[in-house]
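Notes follow once the structure below has been shown.
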Amino acid sequence: MSTRQVYMDNNATTPLHPEVKKAIIEGIDIFGNASSLHSFGRRARKHIEKARKTVTSFIGAEPDELIFVGSGSEANNTVLNIFACKCPVCNSKKACTKEIITSVVEHPCILRTSECLIGKGLSVLYVGVDQFGKIDMELIKEMITDKTGLVSIMMANNEIGTIMDIKKIANMAHARGALFHTDAAQAVGKIPVNVVGLDVDFLTLSAHKTYGPKGIGALYIKKGTPFCPMIYGGHQERGRRAGTENTLGIVGLGKAVEMLTKEMAEDTAKILDLKLKLKAGIEESVPDIYFNGHPDDCLPGTLNVSFIGAEGESILLHLDLAGIAVSTGSACASGSLDPSHVLLATGTSAEKAHGSIRFSLGRENTKEDVDYVLEKLPGIIAGIRSISTAYDGRKK
Amino acid sequence: MEWVYSEEVKDHFINPRNVFIDEGAFDYDAKSVVGNIKCGDEMAFYIKVDKNKNTILDCRWKTYGCASAIASTSVLSEKVKGMTLDEAYDISPRDLAKDLGGLPEHKIHCSVLGDKALRAAIDNYYERNGMSGKIRKEKAKVICKCMNVTDQEIENAVTEGANTYLELQEHTKLGAVCGQCKEEAIKLLEKYRKEHF
């Protein structure tokens, strides 16, 4: 194993920001139950509400419009499940028994949940994307009707980084009386996100995608929006999400967002610069490649590239042996028999999808990291291609 | 740090043996190409045969495939040298997985391509040398045309423990392209399960 370690899988998860780590260590003894009235409880409550303020002011929301949840997946499940609720008491009645529209490139936690909703009798429509992974705007406009209860579209795609035109789609949904949800797990911390400007009703975010800890996410719920909890129990989060609060996780999320407030602009500019260097370097040193995703409307740190004639898991494992961490859209790395559903949805051939590698850069990456990847990658690709039945040195 | 697969897999993945690199440098008596890049892997196998003893003198291979496909074929390419064609024909993916110190269950299906390519190359040898009577492929019926999976291979998968259609797919990769063979494959799966268990 190489001694040098280069982590370029920040869309999978990120390392803790040093300040977040500090805040968690300092907060490790905050054990009180935030629902308790005594000083121990009040101490936990104070930290939770401080974090809530930090997060909501960062996304342009009011503190009572945000609930803390266990993950981005939980937030997404919660929103979709509102529309399947048939209980007579909750206030989601006007939202239920309707039709939902989402896209074919969503994260599995939306796609799998939507399949479950179909089983519960709901109608789910899936809008497609163009070759760059952008929502087909003509099509979605036609799909949204008076029957539509919810439109759920991710703000930015995790695999190819394409940024969706959320505001336009939210406006379309509202024009027909539908609610709008966006999964912004990949967007928050990478591009500016403002719930008022975007005109969304629900928004999902996740701490560990943006230098916070695992196991904590948040859901923005616009004031007055029909809602129904997924987890019932105590009165935590104003009855919208039961379960004793994950105080340490919330402290970590709050600190991560506080650091974004201070550093995001500078960090993302640096990350974009490094990605463009990496992109130019790959273009120069490796023949027969294709970049996936949108050339401009793309997350600053995401670079998805297909290497013709080289299989993704092989590339990933060779890079790993060189100390470089990335991910792939190849079926062989996924445990299923199918390659990336996102790449296939963009019309990318199965062969290119199997040979795709996602580099996702983060705040800790340096120019030296990019140089190191560019030093190792060409030889690795050439080596795999030399034993490949699917590469004959087309361009050379 | 521990690697994702066994040390044997790592060794063969990093230094694959008997790779067919230079078309001119290996004089072969038969060859085959199996698999489909659309499904994520393709394998070519080349063999040189001792015509008197019917043994494999030497072999080469090439693949578009993942680490398990590369390692299992590399191991296979060492194992078959000196074997008779009949012996070589009977090597199963389970044998190779054992030689590799084990493969995770979901990776077994990645290792089926090497031995399949070898069998196709042996059949190709019989065909080229007027020994068509020895071709075993013809006795078997192809069920999945996309991935060239036969009823015999389905039977083998069942005896190796495939209980469901999904497990059958994991073992053989059948039905992964057009899916038209699903119904027939499920019927065979049930038939062989009744016969063997």
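Identifiers for the structure tokens are assigned positionally: chains receive A, B, ... in sequence, residues are indexed from 1 per chain, and ligands are indexed from 1 in the order shown.
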From region 183-376 of chain A, collect each residue whose DSSP state is strand (DSSP E) and return the set as a ChimeraX atom specification. /A:183,202-206,217-221,289-292,302-307,324-325,327-328,356-360
Can you spit out the residues from that selection as a PDB file, in the first residue's frame, using C-alpha atoms?
```pdb
ATOM      1  CA  ASP A 183     -32.703  16.723  -1.970  1.00  0.00           C
ATOM      2  CA  PHE A 202     -39.031  20.886   1.693  1.00  0.00           C
ATOM      3  CA  LEU A 203     -35.237  20.644   1.552  1.00  0.00           C
ATOM      4  CA  THR A 204     -32.970  17.806   2.661  1.00  0.00           C
ATOM      5  CA  LEU A 205     -29.428  18.283   3.888  1.00  0.00           C
ATOM      6  CA  SER A 206     -26.817  16.002   5.416  1.00  0.00           C
ATOM      7  CA  GLY A 217     -29.178  15.415   8.768  1.00  0.00           C
ATOM      8  CA  ALA A 218     -31.881  18.033   8.646  1.00  0.00           C
ATOM      9  CA  LEU A 219     -35.137  18.673   6.867  1.00  0.00           C
ATOM     10  CA  TYR A 220     -36.455  22.132   6.075  1.00  0.00           C
ATOM     11  CA  ILE A 221     -40.248  22.300   6.134  1.00  0.00           C
ATOM     12  CA  ILE A 289     -11.862   9.492 -22.423  1.00  0.00           C
ATOM     13  CA  TYR A 290     -15.246  11.143 -22.027  1.00  0.00           C
ATOM     14  CA  PHE A 291     -16.309  13.572 -19.335  1.00  0.00           C
ATOM     15  CA  ASN A 292     -19.789  12.950 -17.969  1.00  0.00           C
ATOM     16  CA  THR A 302     -17.105  16.730  -9.052  1.00  0.00           C
ATOM     17  CA  LEU A 303     -15.373  15.262 -12.091  1.00  0.00           C
ATOM     18  CA  ASN A 304     -16.869  12.144 -13.679  1.00  0.00           C
ATOM     19  CA  VAL A 305     -14.871  10.593 -16.485  1.00  0.00           C
ATOM     20  CA  SER A 306     -15.245   7.431 -18.572  1.00  0.00           C
ATOM     21  CA  PHE A 307     -12.138   5.591 -19.706  1.00  0.00           C
ATOM     22  CA  ILE A 324      -5.920   7.380  -4.185  1.00  0.00           C
ATOM     23  CA  ALA A 325      -9.596   7.067  -3.183  1.00  0.00           C
ATOM     24  CA  SER A 327     -15.579   5.846  -6.787  1.00  0.00           C
ATOM     25  CA  THR A 328     -16.948   4.190  -9.925  1.00  0.00           C
ATOM     26  CA  SER A 356     -16.538   5.577 -15.278  1.00  0.00           C
ATOM     27  CA  ILE A 357     -14.645   7.066 -12.368  1.00  0.00           C
ATOM     28  CA  ARG A 358     -15.862   9.862 -10.124  1.00  0.00           C
ATOM     29  CA  PHE A 359     -13.275  12.152  -8.613  1.00  0.00           C
ATOM     30  CA  SER A 360     -14.890  14.370  -5.978  1.00  0.00           C
TER      31      SER A 360
END
```
Might you pull out every residue within 9 Å of Glu8 (chain B), with only C-alpha atoms counted and same-chain residues fewer than 2 positions away left off, and present them as a list of chain:residue names?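 Counting only the stated atoms, we get B:Tyr5, B:Ser6, B:Lys10, B:Asp11, B:His12, B:Phe13, B:Ala71, B:Asp99, B:Leu100, B:Gly101, B:Gly102.
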If you take only C-alpha atoms and a cut-off of 10 Å, which residues of chain A touch chain B, and what are their nearest atom pairs and distances in Å to one decimal, in chain and number order, as JSON lines?
```
{"residue": "A:Met1", "atom": "CA", "partner": "B:Met1", "partner_atom": "CA", "distance": 7.6}
{"residue": "A:Gly309", "atom": "CA", "partner": "B:Tyr64", "partner_atom": "CA", "distance": 6.7}
{"residue": "A:Ala310", "atom": "CA", "partner": "B:Tyr64", "partner_atom": "CA", "distance": 6.5}
{"residue": "A:Glu311", "atom": "CA", "partner": "B:Gly65", "partner_atom": "CA", "distance": 5.7}
{"residue": "A:Gly312", "atom": "CA", "partner": "B:Cys66", "partner_atom": "CA", "distance": 7.3}
{"residue": "A:Glu313", "atom": "CA", "partner": "B:Cys66", "partner_atom": "CA", "distance": 5.4}
{"residue": "A:Ser314", "atom": "CA", "partner": "B:Cys66", "partner_atom": "CA", "distance": 5.1}
{"residue": "A:Ile315", "atom": "CA", "partner": "B:Cys66", "partner_atom": "CA", "distance": 8.6}
{"residue": "A:Leu316", "atom": "CA", "partner": "B:Cys66", "partner_atom": "CA", "distance": 9.7}
{"residue": "A:Leu317", "atom": "CA", "partner": "B:Ala67", "partner_atom": "CA", "distance": 7.7}
{"residue": "A:His318", "atom": "CA", "partner": "B:Ile14", "partner_atom": "CA", "distance": 7.9}
{"residue": "A:Asp320", "atom": "CA", "partner": "B:Trp3", "partner_atom": "CA", "distance": 9.5}
{"residue": "A:Leu321", "atom": "CA", "partner": "B:Trp3", "partner_atom": "CA", "distance": 8.9}
{"residue": "A:Ser330", "atom": "CA", "partner": "B:Gly40", "partner_atom": "CA", "distance": 7.3}
{"residue": "A:Ala331", "atom": "CA", "partner": "B:Gly40", "partner_atom": "CA", "distance": 6.8}
{"residue": "A:Cys332", "atom": "CA", "partner": "B:Cys66", "partner_atom": "CA", "distance": 6.4}
{"residue": "A:Ala333", "atom": "CA", "partner": "B:Cys66", "partner_atom": "CA", "distance": 8.4}
{"residue": "A:Ser334", "atom": "CA", "partner": "B:His106", "partner_atom": "CA", "distance": 9.7}
{"residue": "A:Gly335", "atom": "CA", "partner": "B:His106", "partner_atom": "CA", "distance": 6.3}
{"residue": "A:Ser336", "atom": "CA", "partner": "B:His106", "partner_atom": "CA", "distance": 8.3}
{"residue": "A:Leu337", "atom": "CA", "partner": "B:Ala176", "partner_atom": "CA", "distance": 6.9}
{"residue": "A:Asp338", "atom": "CA", "partner": "B:Cys39", "partner_atom": "CA", "distance": 7.5}
{"residue": "A:Pro339", "atom": "CA", "partner": "B:Gly40", "partner_atom": "CA", "distance": 7.9}
{"residue": "A:Ser349", "atom": "CA", "partner": "B:Lys38", "partner_atom": "CA", "distance": 7.8}
{"residue": "A:Ala350", "atom": "CA", "partner": "B:Lys38", "partner_atom": "CA", "distance": 5.1}
{"residue": "A:Glu351", "atom": "CA", "partner": "B:Lys38", "partner_atom": "CA", "distance": 5.3}
{"residue": "A:Lys352", "atom": "CA", "partner": "B:Lys38", "partner_atom": "CA", "distance": 8.9}
{"residue": "A:Ala353", "atom": "CA", "partner": "B:Gly40", "partner_atom": "CA", "distance": 8.9}
{"residue": "A:His354", "atom": "CA", "partner": "B:Gly40", "partner_atom": "CA", "distance": 5.8}
{"residue": "A:Gly355", "atom": "CA", "partner": "B:Gly40", "partner_atom": "CA", "distance": 8.5}
{"residue": "A:Gly383", "atom": "CA", "partner": "B:Ile14", "partner_atom": "CA", "distance": 9.9}
{"residue": "A:Ile384", "atom": "CA", "partner": "B:Tyr64", "partner_atom": "CA", "distance": 8.3}
{"residue": "A:Arg385", "atom": "CA", "partner": "B:Tyr64", "partner_atom": "CA", "distance": 8.1}
{"residue": "A:Ser386", "atom": "CA", "partner": "B:Ile21", "partner_atom": "CA", "distance": 6.5}
{"residue": "A:Ile387", "atom": "CA", "partner": "B:Lys62", "partner_atom": "CA", "distance": 5.1}
{"residue": "A:Ser388", "atom": "CA", "partner": "B:Thr63", "partner_atom": "CA", "distance": 4.7}
{"residue": "A:Thr389", "atom": "CA", "partner": "B:Thr63", "partner_atom": "CA", "distance": 5.1}
{"residue": "A:Ala390", "atom": "CA", "partner": "B:Tyr64", "partner_atom": "CA", "distance": 6.0}
{"residue": "A:Tyr391", "atom": "CA", "partner": "B:Tyr64", "partner_atom": "CA", "distance": 8.4}
```
Quick one: residues within 10 Å of Gly161 (chain B), only C-alpha atoms counted, chain neighbours fewer than 4 positions away excluded, as a count of residues only? 6
Can you list, as number ranges by chain, every protein, DNA or RNA residue that comes within 9 Å of Met259 (chain A) when you count only C-alpha atoms, leaving out same-chain residues fewer than 5 positions away? A: 17, 19-20, 254, 264
Excluding Ile144 (chain A) and any residue of its chain fewer than 3 positions from it, enumerate the residues within 12 Å of it, using only C-alpha atoms, and give them as a PDB file with C-alpha atoms, in the first residue's frame.
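Output (out15.pdb):
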```pdb
ATOM      1  CA  LYS A  98     -52.095  12.041  -5.041  1.00  0.00           C
ATOM      2  CA  GLU A  99     -49.477  11.637  -7.644  1.00  0.00           C
ATOM      3  CA  ILE A 100     -45.757  12.216  -7.144  1.00  0.00           C
ATOM      4  CA  ILE A 101     -43.197  13.259  -9.713  1.00  0.00           C
ATOM      5  CA  THR A 102     -39.498  12.643  -9.294  1.00  0.00           C
ATOM      6  CA  VAL A 124     -45.230   7.960  -9.264  1.00  0.00           C
ATOM      7  CA  LEU A 125     -43.973   9.486 -12.495  1.00  0.00           C
ATOM      8  CA  TYR A 126     -40.276   9.700 -13.351  1.00  0.00           C
ATOM      9  CA  VAL A 127     -38.948  12.522 -15.474  1.00  0.00           C
ATOM     10  CA  MET A 137     -37.869  20.822 -18.667  1.00  0.00           C
ATOM     11  CA  GLU A 138     -40.388  20.450 -21.486  1.00  0.00           C
ATOM     12  CA  LEU A 139     -41.338  17.013 -20.261  1.00  0.00           C
ATOM     13  CA  ILE A 140     -41.685  17.873 -16.587  1.00  0.00           C
ATOM     14  CA  LYS A 141     -43.846  20.866 -17.469  1.00  0.00           C
ATOM     15  CA  LYS A 147     -53.304  15.744  -9.823  1.00  0.00           C
ATOM     16  CA  THR A 148     -49.664  16.192  -8.779  1.00  0.00           C
ATOM     17  CA  GLY A 149     -49.174  16.327  -5.020  1.00  0.00           C
ATOM     18  CA  LEU A 150     -45.399  16.565  -4.853  1.00  0.00           C
ATOM     19  CA  VAL A 151     -42.478  17.172  -7.159  1.00  0.00           C
ATOM     20  CA  SER A 152     -39.137  15.993  -5.754  1.00  0.00           C
ATOM     21  CA  ILE A 169     -39.114  23.468 -11.483  1.00  0.00           C
ATOM     22  CA  ALA A 170     -40.392  24.668  -8.081  1.00  0.00           C
ATOM     23  CA  ASN A 171     -42.285  27.455  -9.845  1.00  0.00           C
ATOM     24  CA  MET A 172     -43.820  24.947 -12.260  1.00  0.00           C
ATOM     25  CA  ALA A 173     -44.948  22.765  -9.357  1.00  0.00           C
ATOM     26  CA  HIS A 174     -46.447  25.674  -7.445  1.00  0.00           C
ATOM     27  CA  ALA A 175     -48.240  26.945 -10.543  1.00  0.00           C
ATOM     28  CA  ARG A 176     -50.234  23.688 -10.508  1.00  0.00           C
ATOM     29  CA  GLY A 177     -50.746  23.612  -6.761  1.00  0.00           C
ATOM     30  CA  ALA A 178     -48.164  20.910  -6.049  1.00  0.00           C
ATOM     31  CA  LEU A 179     -45.570  20.977  -3.271  1.00  0.00           C
ATOM     32  CA  PHE A 180     -41.875  20.932  -4.070  1.00  0.00           C
TER      33      PHE A 180
END
```
Tell me, counting only C-alpha atoms, for each residue of region 255-323 of chain A within 12 Å of region 362-375 of chain A, which pair of atoms is nearest and how far apart they are in Å to one decimal, in rows ordered by chain and increasing number, as CSV.
```
residue,atom,partner,partner_atom,distance
A:Met259,CA,A:Arg363,CA,11.6
A:Leu260,CA,A:Arg363,CA,10.7
A:Glu263,CA,A:Arg363,CA,9.5
A:Met264,CA,A:Arg363,CA,9.0
A:Ala265,CA,A:Arg363,CA,11.1
A:Glu266,CA,A:Arg363,CA,9.6
A:Asp267,CA,A:Arg363,CA,5.8
A:Thr268,CA,A:Arg363,CA,7.5
A:Ala269,CA,A:Arg363,CA,9.9
A:Lys270,CA,A:Arg363,CA,7.9
A:Ile271,CA,A:Gly362,CA,6.3
A:Leu272,CA,A:Gly362,CA,9.4
A:Asp273,CA,A:Lys367,CA,9.3
A:Leu274,CA,A:Lys367,CA,6.4
A:Lys275,CA,A:Val370,CA,8.1
A:Leu276,CA,A:Val370,CA,10.0
A:Lys277,CA,A:Val370,CA,7.4
A:Leu278,CA,A:Val370,CA,5.8
A:Lys279,CA,A:Leu374,CA,9.6
A:Ala280,CA,A:Leu374,CA,9.9
A:Gly281,CA,A:Leu374,CA,6.4
A:Ile282,CA,A:Leu374,CA,6.7
A:Glu283,CA,A:Leu374,CA,10.2
A:Glu284,CA,A:Leu374,CA,9.8
A:Ser285,CA,A:Leu374,CA,7.8
A:Val286,CA,A:Leu374,CA,9.5
A:Leu299,CA,A:Gly362,CA,11.0
A:Pro300,CA,A:Gly362,CA,9.2
A:Gly301,CA,A:Gly362,CA,6.4
A:Thr302,CA,A:Gly362,CA,9.2
A:Leu303,CA,A:Gly362,CA,11.7
A:His318,CA,A:Val373,CA,11.7
A:Leu319,CA,A:Val373,CA,8.4
A:Asp320,CA,A:Val373,CA,11.0
A:Ala322,CA,A:Val373,CA,8.9
A:Gly323,CA,A:Val373,CA,9.5
```
What parts of chain B does DSSP call alpha helix (DSSP H)? I'd like the answer as number ranges by chain. B: 7-14, 67-79, 85-89, 93-99, 112-128, 151-159, 165-172, 182-196
Two-atom distance - CA of Val196 (chain A), CA of Thr56 (chain A) (Å):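 Taking CA of Val196 (chain A) as the start and CA of Thr56 (chain A) as the end point, the length is 11.2 Å.
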Counting only C-alpha atoms, what is within 8 Å of Val257 (chain A), bar same-chain residues fewer than 5 positions away, as a PyMOL selection string? chain A and resi 54-55+58+189+210
With N, CA and C atoms retained, export the selected residues as a PDB file, in the first residue's frame.
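Contents of the output file part_35.pdb:
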```pdb
ATOM      1  N   THR A  54     -27.994  28.451  13.397  1.00  0.00           N
ATOM      2  CA  THR A  54     -26.892  28.534  12.439  1.00  0.00           C
ATOM      3  C   THR A  54     -27.306  27.939  11.092  1.00  0.00           C
ATOM      4  N   VAL A  55     -27.916  26.745  11.166  1.00  0.00           N
ATOM      5  CA  VAL A  55     -28.275  26.055   9.919  1.00  0.00           C
ATOM      6  C   VAL A  55     -29.374  26.813   9.182  1.00  0.00           C
ATOM      7  N   PHE A  58     -28.241  29.945   7.544  1.00  0.00           N
ATOM      8  CA  PHE A  58     -27.396  29.657   6.371  1.00  0.00           C
ATOM      9  C   PHE A  58     -28.232  29.377   5.122  1.00  0.00           C
ATOM     10  N   GLY A 189     -23.234  23.512   0.953  1.00  0.00           N
ATOM     11  CA  GLY A 189     -21.797  23.578   1.220  1.00  0.00           C
ATOM     12  C   GLY A 189     -20.962  23.652  -0.044  1.00  0.00           C
ATOM     13  N   THR A 210     -20.636  17.497   4.215  1.00  0.00           N
ATOM     14  CA  THR A 210     -20.043  18.829   4.264  1.00  0.00           C
ATOM     15  C   THR A 210     -19.206  19.027   5.536  1.00  0.00           C
TER      16      THR A 210
END
```
What's the 7 Å shell around Leu85 (chain B), counting only C-alpha atoms, without same-chain residues fewer than 6 positions away, as a list in words?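 Returned residues: Asn54, Thr55, Ile56 and Ile122 of chain B.
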